[in-house]
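**Q** Structure file final.txt (compact mmCIF, C-alpha atoms) right here:
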```
# COMPACT_ATOMS: atom_id res chain seq x y z
CA THR A 1 90.76 90.95 93.84
CA SER A 2 89.33 93.68 91.64
CA ALA A 3 88.33 93.04 88.04
CA PRO A 4 90.97 94.09 85.46
CA TYR A 5 88.37 96.13 83.57
CA ARG A 6 85.28 98.00 84.65
CA LEU A 7 82.31 98.84 82.45
CA ASP A 8 80.92 102.05 83.89
CA HIS A 9 78.30 102.79 81.24
CA LEU A 10 76.88 101.16 78.12
CA ASP A 11 74.12 102.53 75.91
CA LEU A 12 73.61 100.86 72.52
CA GLU A 13 70.69 101.74 70.27
CA ALA A 14 69.82 100.48 66.78
CA GLU A 15 66.84 101.00 64.54
CA GLY A 16 65.79 100.07 61.02
CA SER A 17 66.38 96.93 58.99
CA LEU A 18 69.42 95.16 57.55
CA ASP A 19 68.83 97.12 54.34
CA ASP A 20 68.84 100.49 56.13
CA TYR A 21 69.81 100.82 59.77
CA ARG A 22 71.18 103.41 62.17
CA THR A 23 73.01 102.84 65.41
CA THR A 24 74.49 104.80 68.31
CA LEU A 25 76.92 103.68 71.00
CA ASP A 26 77.95 105.35 74.25
CA LEU A 27 80.49 103.36 76.27
CA ALA A 28 82.51 104.25 79.38
CA VAL A 29 85.21 101.86 80.60
CA SER A 30 88.32 101.80 82.81
CA GLY A 31 90.76 99.22 84.07
CA GLN A 32 94.35 98.01 84.30
CA GLY A 33 96.49 99.88 81.78
CA LEU A 34 93.41 101.74 80.56
CA PRO A 35 92.39 105.17 81.83
CA ALA A 36 88.79 106.17 82.36
CA SER A 37 87.70 106.39 78.73
CA ARG A 38 84.53 107.16 76.84
CA LEU A 39 83.72 105.90 73.36
CA THR A 40 80.80 107.29 71.36
CA LEU A 41 79.74 106.38 67.85
CA GLU A 42 77.00 107.27 65.40
CA GLY A 43 76.69 105.16 62.28
CA HIS A 44 74.45 103.88 59.55
CA GLY A 45 74.63 101.10 57.01
CA ASP A 46 73.05 98.29 55.05
CA ARG A 47 73.91 94.72 54.06
CA SER A 48 77.14 95.72 52.29
CA ARG A 49 78.32 98.95 53.90
CA PHE A 50 78.72 100.69 57.26
CA ALA A 51 79.71 104.33 57.82
CA TRP A 52 80.55 106.09 61.07
CA ALA A 53 80.47 109.85 61.64
CA PRO A 54 81.64 110.53 64.16
CA LEU A 55 83.52 108.05 66.32
CA THR A 56 84.98 109.73 69.40
CA LEU A 57 87.36 108.38 72.04
CA SER A 58 87.95 110.61 75.08
CA ALA A 59 90.54 109.98 77.81
CA GLU A 60 92.23 112.27 80.35
CA GLY A 61 91.28 115.45 78.51
CA GLY A 62 92.40 114.23 75.07
CA THR A 63 90.29 113.03 72.18
CA LEU A 64 90.43 110.95 69.02
CA ASN A 65 87.75 111.78 66.46
CA GLY A 66 87.18 109.71 63.37
CA ARG A 67 84.86 109.26 60.44
CA GLY A 68 84.90 106.73 57.67
CA HIS A 69 83.27 103.70 56.12
CA VAL A 70 83.78 100.02 55.43
CA ASP A 71 82.40 98.30 52.31
CA TRP A 72 82.30 94.54 51.73
CA SER A 73 79.98 94.42 48.69
CA SER A 74 82.69 93.00 46.41
CA ALA A 75 85.94 93.12 48.41
CA LEU A 76 86.78 94.52 51.80
CA ALA A 77 87.52 98.27 51.58
CA VAL A 78 88.00 100.73 54.43
CA GLU A 79 88.54 104.48 54.36
CA SER A 80 88.95 106.62 57.47
CA GLU A 81 89.93 110.10 58.63
CA VAL A 82 91.22 110.53 62.18
CA THR A 83 91.94 113.70 64.18
CA LEU A 84 93.90 113.68 67.45
CA ASP A 85 93.64 116.44 70.02
CA ALA A 86 95.97 116.20 73.05
CA LEU A 87 95.59 112.42 73.16
CA PRO A 88 97.64 111.17 76.15
CA VAL A 89 100.04 108.41 75.08
CA GLY A 90 101.08 107.64 78.65
CA ALA A 91 97.49 106.84 79.58
CA PHE A 92 97.54 103.73 77.37
CA THR A 93 101.11 102.47 77.93
CA ASP A 94 103.70 102.64 80.69
CA ALA A 95 106.59 102.47 78.20
CA VAL A 96 106.49 106.08 76.99
CA ASP A 97 104.75 109.33 77.82
CA GLY A 98 103.51 112.25 75.73
CA THR A 99 100.57 113.78 73.90
CA LEU A 100 99.54 113.59 70.24
CA ASN A 101 97.82 116.12 67.98
CA GLY A 102 97.20 115.97 64.26
CA GLU A 103 95.31 114.09 61.59
CA ALA A 104 95.56 111.06 59.35
CA ARG A 105 93.79 109.74 56.26
CA ILE A 106 94.03 106.02 55.61
CA ALA A 107 92.57 103.69 52.97
CA PHE A 108 92.82 99.91 52.91
CA ASP A 109 91.28 97.39 50.54
CA MET A 110 91.70 93.70 49.85
CA PRO A 111 90.82 92.69 46.28
CA ALA A 112 91.44 89.18 44.97
CA GLN A 113 95.06 89.94 44.02
CA GLY A 114 96.05 91.05 47.55
CA TRP A 115 95.82 93.95 49.98
CA ARG A 116 96.59 97.61 49.31
CA LEU A 117 97.30 100.38 51.82
CA ARG A 118 97.26 104.11 51.11
CA VAL A 119 98.20 106.85 53.56
CA PRO A 120 97.69 110.08 51.60
CA ASP A 121 98.15 112.25 54.68
CA LEU A 122 99.72 111.60 58.07
CA ALA A 123 100.57 114.73 60.06
CA ILE A 124 101.17 114.29 63.80
CA ASP A 125 102.63 116.77 66.28
CA GLY A 126 102.96 116.68 70.02
CA THR A 127 105.46 115.48 72.61
CA LEU A 128 107.14 112.15 73.33
CA GLN A 129 109.30 111.61 76.40
CA ASP A 130 109.26 115.38 77.08
CA ARG A 131 110.63 116.15 73.59
CA PRO A 132 108.77 117.75 70.65
CA LEU A 133 107.40 115.15 68.25
CA HIS A 134 106.67 115.61 64.53
CA LEU A 135 105.61 113.02 61.96
CA ASP A 136 104.84 113.88 58.34
CA ALA A 137 104.25 111.07 55.86
CA GLN A 138 102.63 110.15 52.56
CA LEU A 139 103.01 106.59 51.31
CA GLU A 140 101.30 103.58 49.76
CA GLY A 141 102.05 99.89 49.39
CA ASN A 142 100.57 96.49 48.66
CA SER A 143 100.87 92.80 49.41
CA GLN A 144 103.50 92.41 46.67
CA MET A 145 105.73 94.58 48.89
CA GLN A 146 105.72 97.37 46.35
CA TRP A 147 105.96 100.71 48.12
CA VAL A 148 106.03 104.35 47.16
CA ILE A 149 107.20 106.70 49.92
CA ASP A 150 106.57 110.27 48.81
CA ARG A 151 107.78 111.49 52.17
CA LEU A 152 108.53 110.17 55.62
CA ASP A 153 109.88 112.55 58.22
CA LEU A 154 109.87 111.55 61.89
CA ARG A 155 111.43 113.86 64.48
CA GLN A 156 111.60 113.59 68.23
CA GLY A 157 113.67 116.30 69.87
CA HIS A 158 117.07 116.18 68.15
CA ASN A 159 116.44 112.68 66.74
CA ARG A 160 115.30 112.34 63.13
CA LEU A 161 114.44 109.56 60.67
CA SER A 162 113.65 110.40 57.04
CA ALA A 163 113.05 108.36 53.89
CA THR A 164 111.82 108.83 50.32
CA GLY A 165 111.65 106.76 47.18
CA SER A 166 110.11 103.54 45.90
CA ILE A 167 110.42 99.77 46.13
CA GLY A 168 109.12 97.78 43.17
CA GLN A 169 110.46 96.43 39.91
CA ARG A 170 112.83 99.39 40.15
CA LEU A 171 114.51 100.40 43.39
CA ASP A 172 115.08 104.03 44.23
CA LEU A 173 115.05 104.43 47.98
CA SER A 174 117.09 106.57 50.33
CA GLY A 175 116.86 106.93 54.09
CA ARG A 176 118.76 108.68 56.85
CA LEU A 177 118.89 108.25 60.61
CA ASP A 178 120.31 110.99 62.82
CA ALA A 179 119.70 110.14 66.46
CA PRO A 180 122.19 111.91 68.77
CA ARG A 181 120.02 111.35 71.86
CA LEU A 182 118.67 107.81 71.87
CA ALA A 183 117.98 108.00 75.60
CA SER A 184 115.00 110.28 74.93
CA LEU A 185 113.38 107.76 72.57
CA TRP A 186 112.80 104.75 74.80
CA PRO A 187 113.64 103.69 78.36
CA GLY A 188 116.85 101.68 78.43
CA LEU A 189 118.28 103.16 75.24
CA GLY A 190 121.32 105.43 75.20
CA GLY A 191 124.04 106.93 73.03
CA ALA A 192 124.08 108.35 69.52
CA LEU A 193 123.49 106.64 66.17
CA GLN A 194 123.75 108.00 62.62
CA GLY A 195 123.27 106.15 59.36
CA ASP A 196 122.46 106.30 55.65
CA LEU A 197 120.66 103.70 53.53
CA GLN A 198 120.57 103.63 49.71
CA ALA A 199 118.79 101.09 47.49
CA GLN A 200 119.08 101.29 43.70
CA GLY A 201 118.76 99.03 40.67
CA SER A 202 115.96 96.49 40.30
CA LEU A 203 114.50 93.58 42.24
CA ASP A 204 116.50 91.23 40.00
CA ALA A 205 119.74 93.19 40.42
CA PRO A 206 119.55 95.33 43.57
CA ARG A 207 122.33 97.54 44.85
CA VAL A 208 122.12 98.34 48.54
CA SER A 209 124.50 100.33 50.74
CA LEU A 210 124.38 100.99 54.47
CA ASP A 211 126.65 103.22 56.54
CA LEU A 212 126.15 103.24 60.30
CA ASN A 213 128.10 104.94 63.09
CA GLY A 214 127.40 104.92 66.81
CA GLU A 215 128.89 106.19 70.06
CA SER A 216 128.19 105.20 73.67
CA LEU A 217 125.39 102.89 72.56
CA ARG A 218 123.36 101.20 75.26
CA PHE A 219 120.35 98.96 75.52
CA GLN A 220 119.63 98.08 79.12
CA THR A 221 122.84 96.33 80.28
CA GLN A 222 124.35 95.87 76.79
CA GLN A 223 126.85 98.59 75.78
CA VAL A 224 129.08 99.51 72.85
CA GLN A 225 131.57 102.35 73.11
CA THR A 226 131.95 102.90 69.35
CA LEU A 227 130.41 101.24 66.29
CA SER A 228 131.32 101.63 62.62
CA LEU A 229 129.60 99.62 59.88
CA GLN A 230 129.90 99.94 56.10
CA ALA A 231 127.99 97.35 54.07
CA ARG A 232 127.50 97.02 50.30
CA SER A 233 125.50 94.42 48.39
CA GLU A 234 125.07 93.93 44.62
CA GLY A 235 122.94 91.31 42.93
CA LEU A 236 120.40 88.75 44.07
CA ASP A 237 121.70 85.29 43.14
CA ASP A 238 125.04 84.82 44.87
CA PRO A 239 125.38 88.58 45.45
CA ARG A 240 128.57 90.43 46.08
CA VAL A 241 128.58 91.50 49.72
CA ASP A 242 131.27 93.70 51.24
CA VAL A 243 131.15 94.47 54.95
CA ASP A 244 133.53 96.37 57.25
CA LEU A 245 132.62 96.27 60.93
CA ASP A 246 134.58 97.86 63.78
CA VAL A 247 133.41 97.71 67.38
CA GLU A 248 135.15 98.97 70.51
CA GLY A 249 134.20 98.53 74.14
CA LEU A 250 131.55 95.83 73.81
CA ASP A 251 129.81 94.71 77.02
CA ALA A 252 127.25 91.96 76.44
CA GLY A 253 126.11 88.91 78.36
CA GLY A 254 128.58 89.61 81.15
CA GLN A 255 131.49 89.55 78.71
CA ARG A 256 133.83 92.41 77.78
CA VAL A 257 135.40 92.70 74.31
CA GLU A 258 137.79 95.61 73.88
CA THR A 259 138.07 95.50 70.09
CA LEU A 260 136.16 93.58 67.41
CA ALA A 261 136.89 93.98 63.69
CA ALA A 262 135.35 91.95 60.88
CA THR A 263 135.60 92.18 57.11
CA LEU A 264 133.57 90.29 54.51
CA ASP A 265 134.62 90.59 50.88
CA GLY A 266 133.43 89.09 47.60
CA ARG A 267 130.64 86.82 46.46
CA LEU A 268 128.46 85.38 49.19
CA SER A 269 129.38 81.81 48.19
CA ARG A 270 133.11 82.64 48.46
CA HIS A 271 133.14 84.87 51.49
CA THR A 272 136.24 85.16 53.58
CA LEU A 273 136.14 86.59 57.08
CA ALA A 274 139.08 88.63 58.32
```
Can you present the structure in this file as structure tokens?

**A**
Amino acid sequence: TSAPYRLDHLDLEAEGSLDDYRTTLDLAVSGQGLPASRLTLEGHGDRSRFAWAPLTLSAEGGTLNGRGHVDWSSALAVESEVTLDALPVGAFTDAVDGTLNGEARIAFDMPAQGWRLRVPDLAIDGTLQDRPLHLDAQLEGNSQMQWVIDRLDLRQGHNRLSATGSIGQRLDLSGRLDAPRLASLWPGLGGALQGDLQAQGSLDAPRVSLDLNGESLRFQTQQVQTLSLQARSEGLDDPRVDVDLDVEGLDAGGQRVETLAATLDGRLSRHTLA
């Protein structure tokens, strides 16, 4: 049997001391689920910092170029800029196919109080499953699950997911899903799904609403002809939760259900199901 991975070329050079060193790497590898790829890197650093400029990954005519640094002098901190040029998605996974172009700037640090992530710029274009792909985002968050989403806009063909707002002591978040062609997103998916999400109030007294509608939904052998869901929640301790769910034509686990309707009304501790 052949080896799952093959190292075709390796050239690693380093010079200097731990207080001031430089290094270069040239690596070529291939194998199962991995196309013939080449990784090159030039970097320099000392006892508390390492910077790379550039780092380049090449595969099947596409490239990923990056530059950045990592600092561990007081707490772990990483900053990086990445540029994609016709990077072939299908070369690294059998699940989906496409190519990616664009750029991203990412910063991550881990002080004593927890981690923080900042994505000041994420702009990706290309194709996914033979449909145009566009991703535009700017967001930041931390280990306290406090997030600020200045913008999030993901489009693939006619499918679109968007969100904006913040999650913290105050809630002000809105999101929308409009996916009329789920089949183009992932193998085994099918149908159309639309929905709206709103979150307001505070962490102590949140108000959340979700409206979801679907037609001809399918995941592999599971199918739903129509789906309608309206859900509202207010409060945190024993919240008021109202749910209206209507499903028609459900095929799951070898069972067929023509009509399913459920209603939840009132405080969670006093819910009645109709």

**Q** Counting all atoms listed in the file, which of A:Ser209, A:Ser202, A:Ser48, A:Ser269 gets nearest to Leu18 in chain A?

**A** A:Ser48

**Q** As a list in words, please: the residues near Gly249 in chain A (cut-off 10 Å, all atoms listed in the file, same-chain neighbours under 6 positions excluded).

**A**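 So the residues in contact are Ser216, Leu217, Gln223, Val224, Gln225, Thr226, Leu227, Arg256, Val257, Glu258, Thr259 and Leu260 of chain A.
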
**Q** To one decimal in Å, tell me the separation between CA of Gly43 in chain A and CA of Leu57 in chain A.

**A**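 Between CA of Gly43 in chain A and CA of Leu57 in chain A the gap is 14.8 Å.
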
**Q** Excluding range 142-156 of chain A and any residue of its chain fewer than 3 positions from it, enumerate the residues within 7 Å of it, using all atoms listed in the file, and give them as a count of residues only.

**A** 24

**Q** What's the 8 Å shell around Ser184 in chain A, counting only C-alpha atoms, without same-chain residues fewer than 5 positions away, as an mmCIF file with C-alpha atoms, keeping the file's coordinate frame?

**A**
```
data_model
loop_
_atom_site.group_PDB
_atom_site.id
_atom_site.type_symbol
_atom_site.label_atom_id
_atom_site.label_comp_id
_atom_site.auth_asym_id
_atom_site.auth_seq_id
_atom_site.Cartn_x
_atom_site.Cartn_y
_atom_site.Cartn_z
ATOM 1 C CA GLN A 129 109.300 111.610 76.400
ATOM 2 C CA ASP A 130 109.260 115.380 77.080
ATOM 3 C CA ARG A 131 110.630 116.150 73.590
ATOM 4 C CA GLY A 157 113.670 116.300 69.870
ATOM 5 C CA LEU A 189 118.280 103.160 75.240
ATOM 6 C CA GLY A 190 121.320 105.430 75.200
#
```

**Q** Of the candidates A:Leu193, A:Val78, A:Leu210, A:Ala199, which shows the shortest atom-to-atom distance to Ser174 in chain A, using all atoms listed in the file?

**A**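 Using all atoms listed in the file, the shortest distance to Ser174 in chain A belongs to A:Ala199.
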
**Q** Hey, could you make a per-residue contact list for range 30-64 of chain A against range 80-98 of chain A with 7 Å as the cut-off, showing the nearest pair of atoms and its distance in Å to one decimal, counting only C-alpha atoms, sorted by chain and number, as CSV?

**A**
```
residue,atom,partner,partner_atom,distance
A:Gly33,CA,A:Phe92,CA,5.9
A:Leu34,CA,A:Phe92,CA,5.6
A:Pro35,CA,A:Ala91,CA,5.8
A:Glu60,CA,A:Pro88,CA,6.9
A:Gly62,CA,A:Leu87,CA,4.1
A:Thr63,CA,A:Asp85,CA,5.2
A:Leu64,CA,A:Leu84,CA,4.7
```

**Q** Mind giving me the straight-line distance from CA of Leu39 in chain A to CA of Asp109 in chain A in Å, one decimal?

**A**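 Separation of CA of Leu39 in chain A and CA of Asp109 in chain A: 25.5 Å.
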
**Q** Report the distance between CA of Thr263 in chain A and CA of Asp211 in chain A in Å, rounded to one decimal place.

**A**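 CA of Asp211 in chain A lies 14.2 Å from CA of Thr263 in chain A.
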